[in-house]
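As stored in target08.cif (mmCIF, C-alpha atoms):
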data_start
loop_
_atom_site.group_PDB
_atom_site.id
_atom_site.type_symbol
_atom_site.label_atom_id
_atom_site.label_comp_id
_atom_site.auth_asym_id
_atom_site.auth_seq_id
_atom_site.Cartn_x
_atom_site.Cartn_y
_atom_site.Cartn_z
ATOM 1 C CA MET A 1 -153.009 101.381 28.468
ATOM 2 C CA LEU A 2 -155.846 100.791 26.008
ATOM 3 C CA ALA A 3 -156.936 97.619 27.822
ATOM 4 C CA VAL A 4 -157.287 99.501 31.125
ATOM 5 C CA VAL A 5 -159.335 102.298 29.581
ATOM 6 C CA VAL A 6 -161.581 99.925 27.624
ATOM 7 C CA ALA A 7 -162.224 97.797 30.711
ATOM 8 C CA LEU A 8 -163.256 100.817 32.787
ATOM 9 C CA ILE A 9 -165.434 102.530 30.168
ATOM 10 C CA PRO A 10 -168.543 100.359 30.845
ATOM 11 C CA VAL A 11 -168.317 101.145 34.563
ATOM 12 C CA PHE A 12 -168.499 104.892 34.049
ATOM 13 C CA VAL A 13 -170.973 104.631 31.168
ATOM 14 C CA LEU A 14 -173.431 102.950 33.540
ATOM 15 C CA ILE A 15 -172.865 105.703 36.107
ATOM 16 C CA VAL A 16 -173.622 108.358 33.468
ATOM 17 C CA LEU A 17 -176.654 106.353 32.351
ATOM 18 C CA GLY A 18 -177.977 106.270 35.901
ATOM 19 C CA TYR A 19 -177.590 110.033 36.171
ATOM 20 C CA ALA A 20 -179.361 110.545 32.835
ATOM 21 C CA MET A 21 -182.200 108.201 33.805
ATOM 22 C CA ARG A 22 -182.866 110.204 36.946
ATOM 23 C CA ARG A 23 -182.543 113.597 35.287
ATOM 24 C CA LEU A 24 -184.853 112.590 32.430
ATOM 25 C CA GLU A 25 -187.261 110.865 34.852
ATOM 26 C CA PHE A 26 -187.076 107.693 32.764
ATOM 27 C CA VAL A 27 -188.276 105.870 35.866
ATOM 28 C CA PRO A 28 -190.231 107.429 38.739
ATOM 29 C CA GLU A 29 -188.207 109.154 41.438
ATOM 30 C CA ALA A 30 -189.608 106.620 43.896
ATOM 31 C CA PHE A 31 -187.700 103.860 42.065
ATOM 32 C CA TRP A 32 -184.228 104.827 43.294
ATOM 33 C CA PRO A 33 -184.459 104.467 47.109
ATOM 34 C CA PRO A 34 -185.764 100.870 46.953
ATOM 35 C CA ALA A 35 -183.249 100.085 44.177
ATOM 36 C CA GLU A 36 -180.420 101.265 46.431
ATOM 37 C CA LYS A 37 -181.879 99.316 49.354
ATOM 38 C CA LEU A 38 -182.158 96.166 47.225
ATOM 39 C CA THR A 39 -178.534 96.515 46.130
ATOM 40 C CA TYR A 40 -177.236 97.204 49.633
ATOM 41 C CA TYR A 41 -179.158 94.500 51.481
ATOM 42 C CA VAL A 42 -179.664 91.758 48.864
ATOM 43 C CA THR A 43 -177.746 91.725 45.582
ATOM 44 C CA PHE A 44 -174.304 92.877 46.740
ATOM 45 C CA PRO A 45 -174.308 90.633 49.823
ATOM 46 C CA ALA A 46 -175.331 87.740 47.541
ATOM 47 C CA LEU A 47 -172.394 88.500 45.232
ATOM 48 C CA LEU A 48 -169.938 88.632 48.138
ATOM 49 C CA VAL A 49 -171.175 85.465 49.858
ATOM 50 C CA GLN A 50 -171.173 83.407 46.655
ATOM 51 C CA ASN A 51 -167.766 84.642 45.524
ATOM 52 C CA LEU A 52 -165.998 84.252 48.871
ATOM 53 C CA ALA A 53 -167.618 80.920 49.750
ATOM 54 C CA GLU A 54 -166.476 79.328 46.494
ATOM 55 C CA ALA A 55 -163.220 81.184 45.849
ATOM 56 C CA ASP A 56 -159.938 79.327 45.733
ATOM 57 C CA VAL A 57 -158.003 81.474 48.185
ATOM 58 C CA ALA A 58 -154.951 79.218 48.166
ATOM 59 C CA GLY A 59 -151.960 81.322 47.252
ATOM 60 C CA LEU A 60 -153.814 84.628 47.562
ATOM 61 C CA PRO A 61 -152.046 87.239 49.741
ATOM 62 C CA VAL A 62 -155.055 87.691 52.019
ATOM 63 C CA LEU A 63 -153.367 89.201 55.079
ATOM 64 C CA PRO A 64 -150.827 91.393 53.206
ATOM 65 C CA LEU A 65 -153.557 92.800 50.947
ATOM 66 C CA ALA A 66 -155.900 93.455 53.865
ATOM 67 C CA GLY A 67 -153.095 95.030 55.873
ATOM 68 C CA VAL A 68 -152.036 97.344 53.045
ATOM 69 C CA GLU A 69 -155.585 98.623 52.488
ATOM 70 C CA ALA A 70 -156.337 99.119 56.190
ATOM 71 C CA THR A 71 -153.042 100.916 56.835
ATOM 72 C CA ALA A 72 -153.376 103.206 53.805
ATOM 73 C CA THR A 73 -156.932 104.078 54.865
ATOM 74 C CA VAL A 74 -155.893 105.013 58.402
ATOM 75 C CA LEU A 75 -152.938 107.079 57.170
ATOM 76 C CA SER A 76 -155.133 109.022 54.737
ATOM 77 C CA GLY A 77 -157.546 109.853 57.540
ATOM 78 C CA LEU A 78 -154.683 110.855 59.847
ATOM 79 C CA ALA A 79 -153.213 113.147 57.194
ATOM 80 C CA LEU A 80 -156.497 115.029 56.956
ATOM 81 C CA LEU A 81 -156.822 115.092 60.737
ATOM 82 C CA LEU A 82 -153.380 116.671 61.056
ATOM 83 C CA ALA A 83 -154.375 119.319 58.505
ATOM 84 C CA TRP A 84 -157.536 120.208 60.470
ATOM 85 C CA ARG A 85 -155.749 122.771 62.663
ATOM 86 C CA TRP A 86 -155.126 124.903 59.562
ATOM 87 C CA LEU A 87 -158.637 124.524 58.167
ATOM 88 C CA ASP A 88 -161.459 126.928 58.892
ATOM 89 C CA VAL A 89 -164.117 124.231 59.089
ATOM 90 C CA SER A 90 -166.732 123.208 61.645
ATOM 91 C CA GLY A 91 -166.893 119.820 63.357
ATOM 92 C CA PRO A 92 -169.883 118.575 61.323
ATOM 93 C CA ALA A 93 -168.225 119.691 58.071
ATOM 94 C CA PHE A 94 -164.978 117.993 59.044
ATOM 95 C CA THR A 95 -166.790 114.684 59.590
ATOM 96 C CA SER A 96 -167.869 114.853 55.949
ATOM 97 C CA MET A 97 -164.277 115.496 54.929
ATOM 98 C CA ILE A 98 -163.099 112.497 56.973
ATOM 99 C CA GLN A 99 -165.643 110.254 55.274
ATOM 100 C CA GLY A 100 -164.592 111.631 51.909
ATOM 101 C CA ALA A 101 -160.941 110.850 52.621
ATOM 102 C CA ILE A 102 -161.404 107.201 53.611
ATOM 103 C CA ARG A 103 -164.740 105.702 52.494
ATOM 104 C CA PRO A 104 -164.584 103.764 49.167
ATOM 105 C CA ASN A 105 -167.438 103.114 46.756
ATOM 106 C CA THR A 106 -167.599 99.309 46.819
ATOM 107 C CA TYR A 107 -170.068 99.194 43.917
ATOM 108 C CA VAL A 108 -167.604 100.873 41.565
ATOM 109 C CA GLY A 109 -164.736 98.787 42.907
ATOM 110 C CA LEU A 110 -166.322 95.392 42.357
ATOM 111 C CA ALA A 111 -167.533 96.351 38.890
ATOM 112 C CA ALA A 112 -164.102 97.660 37.905
ATOM 113 C CA ALA A 113 -162.343 94.592 39.334
ATOM 114 C CA ALA A 114 -164.666 92.288 37.380
ATOM 115 C CA SER A 115 -163.980 94.205 34.161
ATOM 116 C CA LEU A 116 -160.220 94.350 34.645
ATOM 117 C CA TYR A 117 -159.400 91.055 36.348
ATOM 118 C CA GLY A 118 -162.417 88.730 36.182
ATOM 119 C CA ALA A 119 -163.639 86.473 39.005
ATOM 120 C CA ARG A 120 -160.199 86.305 40.651
ATOM 121 C CA GLY A 121 -160.128 90.073 40.837
ATOM 122 C CA VAL A 122 -163.566 90.124 42.459
ATOM 123 C CA THR A 123 -162.265 87.748 45.142
ATOM 124 C CA LEU A 124 -159.299 90.009 45.846
ATOM 125 C CA MET A 125 -161.613 93.021 45.916
ATOM 126 C CA ALA A 126 -163.869 91.200 48.405
ATOM 127 C CA ILE A 127 -160.838 90.743 50.669
ATOM 128 C CA CYS A 128 -160.318 94.511 50.565
ATOM 129 C CA VAL A 129 -164.001 95.030 51.374
ATOM 130 C CA ALA A 130 -163.780 92.696 54.381
ATOM 131 C CA ALA A 131 -160.744 94.582 55.694
ATOM 132 C CA VAL A 132 -161.770 98.184 55.014
ATOM 133 C CA VAL A 133 -165.572 98.433 55.250
ATOM 134 C CA PRO A 134 -165.710 97.669 59.014
ATOM 135 C CA LEU A 135 -162.792 100.035 59.595
ATOM 136 C CA VAL A 136 -164.200 103.022 57.679
ATOM 137 C CA ASN A 137 -167.632 102.554 59.205
ATOM 138 C CA LEU A 138 -166.164 102.536 62.696
ATOM 139 C CA LEU A 139 -163.957 105.574 62.038
ATOM 140 C CA SER A 140 -166.814 107.484 60.384
ATOM 141 C CA VAL A 141 -169.253 106.785 63.209
ATOM 142 C CA VAL A 142 -166.660 107.700 65.856
ATOM 143 C CA ALA A 143 -166.016 110.990 64.042
ATOM 144 C CA MET A 144 -169.763 111.681 63.900
ATOM 145 C CA VAL A 145 -170.252 110.931 67.586
ATOM 146 C CA ARG A 146 -167.314 113.103 68.644
ATOM 147 C CA LEU A 147 -167.612 116.038 66.238
ATOM 148 C CA ALA A 148 -171.138 116.258 64.800
ATOM 149 C CA SER A 149 -173.631 118.136 66.934
ATOM 150 C CA GLY A 150 -176.793 116.794 68.438
ATOM 151 C CA HIS A 151 -175.969 113.088 68.606
ATOM 152 C CA ALA A 152 -175.569 110.992 71.729
ATOM 153 C CA SER A 153 -172.311 109.150 72.290
ATOM 154 C CA GLY A 154 -171.715 105.667 73.676
ATOM 155 C CA TRP A 155 -170.291 102.377 72.512
ATOM 156 C CA ARG A 156 -173.610 101.228 71.090
ATOM 157 C CA ALA A 157 -173.786 104.250 68.788
ATOM 158 C CA MET A 158 -170.344 103.379 67.456
ATOM 159 C CA VAL A 159 -170.411 99.583 67.274
ATOM 160 C CA LEU A 160 -173.962 98.689 66.211
ATOM 161 C CA PRO A 161 -173.895 100.359 62.753
ATOM 162 C CA VAL A 162 -170.701 98.426 62.015
ATOM 163 C CA ALA A 163 -171.981 95.102 63.361
ATOM 164 C CA LYS A 164 -175.200 95.368 61.323
ATOM 165 C CA ASN A 165 -173.571 96.336 58.019
ATOM 166 C CA PRO A 166 -174.821 93.810 55.414
ATOM 167 C CA LEU A 167 -171.595 93.940 53.389
ATOM 168 C CA ILE A 168 -169.548 93.073 56.457
ATOM 169 C CA LEU A 169 -171.916 90.255 57.423
ATOM 170 C CA ALA A 170 -171.825 88.893 53.862
ATOM 171 C CA CYS A 171 -168.015 88.874 53.816
ATOM 172 C CA LEU A 172 -167.862 87.126 57.178
ATOM 173 C CA ALA A 173 -170.422 84.537 56.056
ATOM 174 C CA GLY A 174 -168.581 83.822 52.798
ATOM 175 C CA ILE A 175 -165.200 83.556 54.520
ATOM 176 C CA PHE A 176 -166.625 81.212 57.168
ATOM 177 C CA LEU A 177 -168.218 78.934 54.574
ATOM 178 C CA ASN A 178 -164.933 78.816 52.670
ATOM 179 C CA LEU A 179 -162.541 78.249 55.562
ATOM 180 C CA ALA A 180 -164.836 75.736 57.266
ATOM 181 C CA GLY A 181 -164.991 73.703 54.067
ATOM 182 C CA ILE A 182 -168.783 73.897 54.020
ATOM 183 C CA GLY A 183 -169.176 75.760 50.733
ATOM 184 C CA LEU A 184 -172.599 76.199 49.180
ATOM 185 C CA PRO A 185 -175.070 73.599 47.918
ATOM 186 C CA LEU A 186 -175.689 73.842 44.188
ATOM 187 C CA TRP A 187 -179.142 75.397 44.529
ATOM 188 C CA ALA A 188 -177.848 78.084 46.918
ATOM 189 C CA SER A 189 -174.834 78.813 44.725
ATOM 190 C CA GLN A 190 -176.985 79.269 41.626
ATOM 191 C CA THR A 191 -179.517 81.405 43.493
ATOM 192 C CA LEU A 192 -176.822 83.712 44.881
ATOM 193 C CA ARG A 193 -175.110 83.852 41.500
ATOM 194 C CA ILE A 194 -178.323 85.062 39.832
ATOM 195 C CA LEU A 195 -178.921 87.652 42.547
ATOM 196 C CA GLY A 196 -175.284 88.749 42.461
ATOM 197 C CA SER A 197 -175.366 89.263 38.704
ATOM 198 C CA ALA A 198 -177.849 92.080 39.275
ATOM 199 C CA ALA A 199 -175.641 93.815 41.829
ATOM 200 C CA LEU A 200 -173.166 95.532 39.533
ATOM 201 C CA PRO A 201 -175.532 97.130 36.973
ATOM 202 C CA ILE A 202 -178.099 98.234 39.542
ATOM 203 C CA GLY A 203 -175.381 99.463 41.889
ATOM 204 C CA LEU A 204 -173.679 101.545 39.202
ATOM 205 C CA LEU A 205 -176.967 103.008 37.960
ATOM 206 C CA ALA A 206 -177.757 103.968 41.566
ATOM 207 C CA VAL A 207 -174.338 105.629 41.898
ATOM 208 C CA GLY A 208 -175.116 107.787 38.874
ATOM 209 C CA ALA A 209 -178.633 108.559 40.054
ATOM 210 C CA GLY A 210 -177.208 109.729 43.359
ATOM 211 C CA LEU A 211 -174.925 112.351 41.834
ATOM 212 C CA HIS A 212 -175.719 115.943 42.837
ATOM 213 C CA LEU A 213 -174.023 117.958 40.112
ATOM 214 C CA ARG A 214 -175.641 121.195 41.248
ATOM 215 C CA ALA A 215 -173.598 120.836 44.430
ATOM 216 C CA LEU A 216 -170.450 121.211 42.332
ATOM 217 C CA ARG A 217 -171.107 124.963 42.204
ATOM 218 C CA ARG A 218 -169.983 125.048 45.835
ATOM 219 C CA THR A 219 -166.752 123.163 45.171
ATOM 220 C CA GLY A 220 -163.937 124.785 47.101
ATOM 221 C CA SER A 221 -160.602 124.083 48.755
ATOM 222 C CA HIS A 222 -162.088 121.715 51.348
ATOM 223 C CA VAL A 223 -163.628 119.496 48.664
ATOM 224 C CA LEU A 224 -160.439 119.516 46.601
ATOM 225 C CA LEU A 225 -158.262 118.728 49.626
ATOM 226 C CA THR A 226 -160.522 115.828 50.592
ATOM 227 C CA SER A 227 -160.534 114.533 47.029
ATOM 228 C CA ALA A 228 -156.742 114.738 46.852
ATOM 229 C CA CYS A 229 -156.500 112.618 49.996
ATOM 230 C CA LYS A 230 -158.886 109.993 48.650
ATOM 231 C CA LEU A 231 -158.014 109.853 44.959
ATOM 232 C CA LEU A 232 -154.257 110.503 45.100
ATOM 233 C CA LEU A 233 -152.747 110.162 48.581
ATOM 234 C CA LEU A 234 -154.558 106.981 49.584
ATOM 235 C CA PRO A 235 -153.748 105.051 46.367
ATOM 236 C CA LEU A 236 -150.113 106.207 46.490
ATOM 237 C CA LEU A 237 -149.919 104.946 50.072
ATOM 238 C CA ALA A 238 -151.392 101.639 48.885
ATOM 239 C CA VAL A 239 -148.767 101.387 46.118
ATOM 240 C CA ALA A 240 -145.997 102.036 48.639
ATOM 241 C CA GLY A 241 -147.490 99.483 51.024
ATOM 242 C CA ALA A 242 -147.842 96.900 48.256
ATOM 243 C CA ALA A 243 -144.165 97.335 47.369
ATOM 244 C CA TRP A 244 -143.210 97.062 51.035
ATOM 245 C CA VAL A 245 -144.978 93.715 51.572
ATOM 246 C CA GLY A 246 -144.149 92.349 48.124
ATOM 247 C CA LEU A 247 -147.544 92.426 46.415
ATOM 248 C CA ASP A 248 -147.343 92.271 42.644
ATOM 249 C CA GLY A 249 -149.410 91.439 39.582
ATOM 250 C CA MET A 250 -153.144 91.289 40.051
ATOM 251 C CA ALA A 251 -152.950 91.712 43.847
ATOM 252 C CA ARG A 252 -151.057 94.973 43.485
ATOM 253 C CA GLY A 253 -153.492 96.163 40.820
ATOM 254 C CA VAL A 254 -156.500 95.443 43.024
ATOM 255 C CA ALA A 255 -154.822 97.111 46.009
ATOM 256 C CA LEU A 256 -154.330 100.263 43.936
ATOM 257 C CA LEU A 257 -157.796 100.097 42.409
ATOM 258 C CA TYR A 258 -159.579 99.740 45.744
ATOM 259 C CA ALA A 259 -157.595 102.570 47.314
ATOM 260 C CA ALA A 260 -158.334 104.843 44.332
ATOM 261 C CA LEU A 261 -162.124 104.496 44.491
ATOM 262 C CA PRO A 262 -164.272 107.610 44.976
ATOM 263 C CA CYS A 263 -166.299 108.127 48.124
ATOM 264 C CA SER A 264 -169.428 106.038 48.549
ATOM 265 C CA ALA A 265 -172.935 107.498 48.462
ATOM 266 C CA SER A 266 -173.580 105.812 51.825
ATOM 267 C CA ALA A 267 -171.492 108.613 53.335
ATOM 268 C CA TYR A 268 -174.297 111.049 52.464
ATOM 269 C CA VAL A 269 -176.842 108.908 54.304
ATOM 270 C CA LEU A 270 -174.639 108.738 57.410
ATOM 271 C CA ALA A 271 -173.975 112.478 57.329
ATOM 272 C CA ARG A 272 -177.686 113.173 57.106
ATOM 273 C CA GLN A 273 -178.579 110.742 59.907
ATOM 274 C CA MET A 274 -175.888 111.720 62.397
ATOM 275 C CA GLY A 275 -175.623 115.493 62.069
ATOM 276 C CA GLY A 276 -172.805 115.889 59.548
ATOM 277 C CA ASP A 277 -172.692 118.431 56.744
ATOM 278 C CA ALA A 278 -174.856 116.623 54.163
ATOM 279 C CA GLY A 279 -174.482 119.379 51.546
ATOM 280 C CA LEU A 280 -170.701 119.242 51.692
ATOM 281 C CA MET A 281 -170.873 115.445 51.630
ATOM 282 C CA ALA A 282 -172.935 115.473 48.422
ATOM 283 C CA ASN A 283 -170.403 117.835 46.863
ATOM 284 C CA ILE A 284 -167.480 115.596 47.832
ATOM 285 C CA ILE A 285 -169.167 112.440 46.498
ATOM 286 C CA SER A 286 -170.116 114.015 43.170
ATOM 287 C CA THR A 287 -166.712 115.652 42.679
ATOM 288 C CA GLN A 288 -164.804 112.464 43.454
ATOM 289 C CA THR A 289 -167.010 110.281 41.252
ATOM 290 C CA LEU A 290 -166.365 112.554 38.275
ATOM 291 C CA LEU A 291 -162.641 112.926 38.973
ATOM 292 C CA ALA A 292 -162.221 109.169 39.479
ATOM 293 C CA ALA A 293 -163.044 108.592 35.806
ATOM 294 C CA ILE A 294 -159.713 110.322 35.130
ATOM 295 C CA THR A 295 -157.583 109.426 38.156
ATOM 296 C CA ILE A 296 -158.270 105.661 38.262
ATOM 297 C CA PRO A 297 -157.118 104.947 34.664
ATOM 298 C CA LEU A 298 -154.093 107.243 35.086
ATOM 299 C CA LEU A 299 -153.046 105.520 38.319
ATOM 300 C CA LEU A 300 -153.498 102.024 36.905
ATOM 301 C CA ILE A 301 -151.516 102.960 33.809
ATOM 302 C CA GLY A 302 -148.832 104.751 35.849
ATOM 303 C CA PHE A 303 -148.400 101.833 38.262
ATOM 304 C CA PRO A 304 -149.026 98.713 36.144
#

Written as structure tokens, how would this file's structure read?
Amino acid sequence: MLAVVVALIPVFVLIVLGYAMRRLEFVPEAFWPPAEKLTYYVTFPALLVQNLAEADVAGLPVLPLAGVEATATVLSGLALLLAWRWLDVSGPAFTSMIQGAIRPNTYVGLAAAASLYGARGVTLMAICVAAVVPLVNLLSVVAMVRLASGHASGWRAMVLPVAKNPLILACLAGIFLNLAGIGLPLWASQTLRILGSAALPIGLLAVGAGLHLRALRRTGSHVLLTSACKLLLLPLLAVAGAAWVGLDGMARGVALLYAALPCSASAYVLARQMGGDAGLMANIISTQTLLAAITIPLLLIGFP
């Protein structure tokens, strides 16, 4: 129990530090958007490519782990969809709830996996990323196209954001280099390792800087329902799935950890760009990030 809590403390301390830095204007406000862009397009892809290209995947339950995460994600989204008929909520607002119920914060996940399980845990987490990130992006964009107002539909609007996602491309590149036996030359490996080492601290600081705590004043039943789906239902589904396919040890822990992550800040960007309820989205992200500091340790301790 103590080991889990101690390992996760630095993750949430950095998130709080990022929030404090923005509130106190320790760095100019203009610093955060390029910092987030750098993390999204450069440092996190570098971390994923280097880790996956050089990982020893022999013996890792790649397909069972990916299948568990993808299935749990879809079921969480379906549960919220089935509840929609009883909710007094508009289409744009419901798209924010859907994102909140399925989209994980990869930054927090990779940092937590590194703290809890080391490099092997990061590899397992990257497998989850490769399985879930394309899926949640596709589902989120489809929901936006169908339910959010004022946006044109069409296959391009649904497929292109997924195909251009840098995290997806990085996972595919790393997996290809690994399975093809190409690997990375020493200079490329060291370069990506240096870049990747900046991903976790910058990413977590950006998560904290992106919190909108004022939005918590509007927290209501829709936010709490969405958070229950993401922080409780989805990880419990992952635990059940892991037991069903026989995952145990570190693989089961990573499956639970990834499923228990709070919603990513990228959901706010998508909601703002495609006509969703950006205010509700900010509330969901902030609420889940705060609650996850409690729910993640409790889940990991409850299902060791």

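In terms of minimum interatomic distance to Val142 in chain A, A:Val159 ranks closest within A:Val159, A:Val129, A:Val245, A:Ala180, counting all atoms listed in the file.
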
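Each of A:Met144, A:Ala131, A:Leu116, A:Leu237 was compared to Ile9 in chain A using all atoms listed in the file, and A:Leu116 turns out to be the nearest.
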
Tell me which residues the PyMOL selection byres ((chain A and resi 36-49) around 9) grabs here, as a PDB file with C-alpha atoms, in the coordinates of the input.
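After the write, result.pdb holds the following:
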ATOM      1  CA  PHE A  31    -187.700 103.860  42.065  1.00  0.00           C
ATOM      2  CA  TRP A  32    -184.228 104.827  43.294  1.00  0.00           C
ATOM      3  CA  PRO A  33    -184.459 104.467  47.109  1.00  0.00           C
ATOM      4  CA  PRO A  34    -185.764 100.870  46.953  1.00  0.00           C
ATOM      5  CA  ALA A  35    -183.249 100.085  44.177  1.00  0.00           C
ATOM      6  CA  GLN A  50    -171.173  83.407  46.655  1.00  0.00           C
ATOM      7  CA  ASN A  51    -167.766  84.642  45.524  1.00  0.00           C
ATOM      8  CA  LEU A  52    -165.998  84.252  48.871  1.00  0.00           C
ATOM      9  CA  ALA A  53    -167.618  80.920  49.750  1.00  0.00           C
ATOM     10  CA  GLU A  54    -166.476  79.328  46.494  1.00  0.00           C
ATOM     11  CA  TYR A 107    -170.068  99.194  43.917  1.00  0.00           C
ATOM     12  CA  VAL A 122    -163.566  90.124  42.459  1.00  0.00           C
ATOM     13  CA  THR A 123    -162.265  87.748  45.142  1.00  0.00           C
ATOM     14  CA  ALA A 126    -163.869  91.200  48.405  1.00  0.00           C
ATOM     15  CA  ASN A 165    -173.571  96.336  58.019  1.00  0.00           C
ATOM     16  CA  PRO A 166    -174.821  93.810  55.414  1.00  0.00           C
ATOM     17  CA  LEU A 167    -171.595  93.940  53.389  1.00  0.00           C
ATOM     18  CA  ILE A 168    -169.548  93.073  56.457  1.00  0.00           C
ATOM     19  CA  LEU A 169    -171.916  90.255  57.423  1.00  0.00           C
ATOM     20  CA  ALA A 170    -171.825  88.893  53.862  1.00  0.00           C
ATOM     21  CA  CYS A 171    -168.015  88.874  53.816  1.00  0.00           C
ATOM     22  CA  LEU A 172    -167.862  87.126  57.178  1.00  0.00           C
ATOM     23  CA  ALA A 173    -170.422  84.537  56.056  1.00  0.00           C
ATOM     24  CA  GLY A 174    -168.581  83.822  52.798  1.00  0.00           C
ATOM     25  CA  ILE A 175    -165.200  83.556  54.520  1.00  0.00           C
ATOM     26  CA  LEU A 177    -168.218  78.934  54.574  1.00  0.00           C
ATOM     27  CA  THR A 191    -179.517  81.405  43.493  1.00  0.00           C
ATOM     28  CA  LEU A 192    -176.822  83.712  44.881  1.00  0.00           C
ATOM     29  CA  ARG A 193    -175.110  83.852  41.500  1.00  0.00           C
ATOM     30  CA  ILE A 194    -178.323  85.062  39.832  1.00  0.00           C
ATOM     31  CA  LEU A 195    -178.921  87.652  42.547  1.00  0.00           C
ATOM     32  CA  GLY A 196    -175.284  88.749  42.461  1.00  0.00           C
ATOM     33  CA  SER A 197    -175.366  89.263  38.704  1.00  0.00           C
ATOM     34  CA  ALA A 198    -177.849  92.080  39.275  1.00  0.00           C
ATOM     35  CA  ALA A 199    -175.641  93.815  41.829  1.00  0.00           C
ATOM     36  CA  LEU A 200    -173.166  95.532  39.533  1.00  0.00           C
ATOM     37  CA  ILE A 202    -178.099  98.234  39.542  1.00  0.00           C
ATOM     38  CA  GLY A 203    -175.381  99.463  41.889  1.00  0.00           C
ATOM     39  CA  ALA A 206    -177.757 103.968  41.566  1.00  0.00           C
ATOM     40  CA  VAL A 207    -174.338 105.629  41.898  1.00  0.00           C
TER      41      VAL A 207
END

**OP:** Report as an NGL selection string the residues that result from applying the PyMOL selection byres ((chain A and resi 227) around 9) to the structure here.
**Re:** :A and (97 or 100-101 or 222-226 or 228-232 or 262-263 or 284-285 or 287-288 or 291)

Original post:
If you count all atoms listed in the file, which residues fall within 10 Å of Val74 in chain A, apart from same-chain ones fewer than 5 positions away, as an MDAnalysis selection string?
Top reply: chainID A and resid 69 79 101:102 132 135:136 139 234

Subject >> Å distance separating CA of Met250 in chain A from CA of Pro61 in chain A, one decimal place >> reply: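 It comes out at 10.6 Å.
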
Original post:
So what do you get for CA of Ala20 in chain A versus CA of Ala3 in chain A, distance-wise?
Top reply: 26.4 Å

Subject >> From A:Ser264, A:Ser76, A:Ser221, A:Asn137, residue lying nearest Val108 in chain A [only C-alpha atoms] >> reply: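 Result for the nearest residue to Val108 in chain A: A:Ser264.
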
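All polymer residues at most 8 Å from (-155.4, 91.7, 41.7), using only C-alpha atoms, appear as Ala113, Tyr117, Arg120, Gly121, Leu124, Met125, Gly249, Met250, Ala251, Arg252, Gly253, Val254 and Ala255 of chain A.
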
**OP:** Any chance you could resolve the PyMOL selection byres ((chain A and resi 281) around 12) against this file and give the residues as a ChimeraX atom specification?
**Re:** /A:92-101,103,210-212,215-216,218-219,222-223,226-227,263-272,275-280,282-288

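CA of Phe303 in chain A lies 16.3 Å from CA of Ala7 in chain A.
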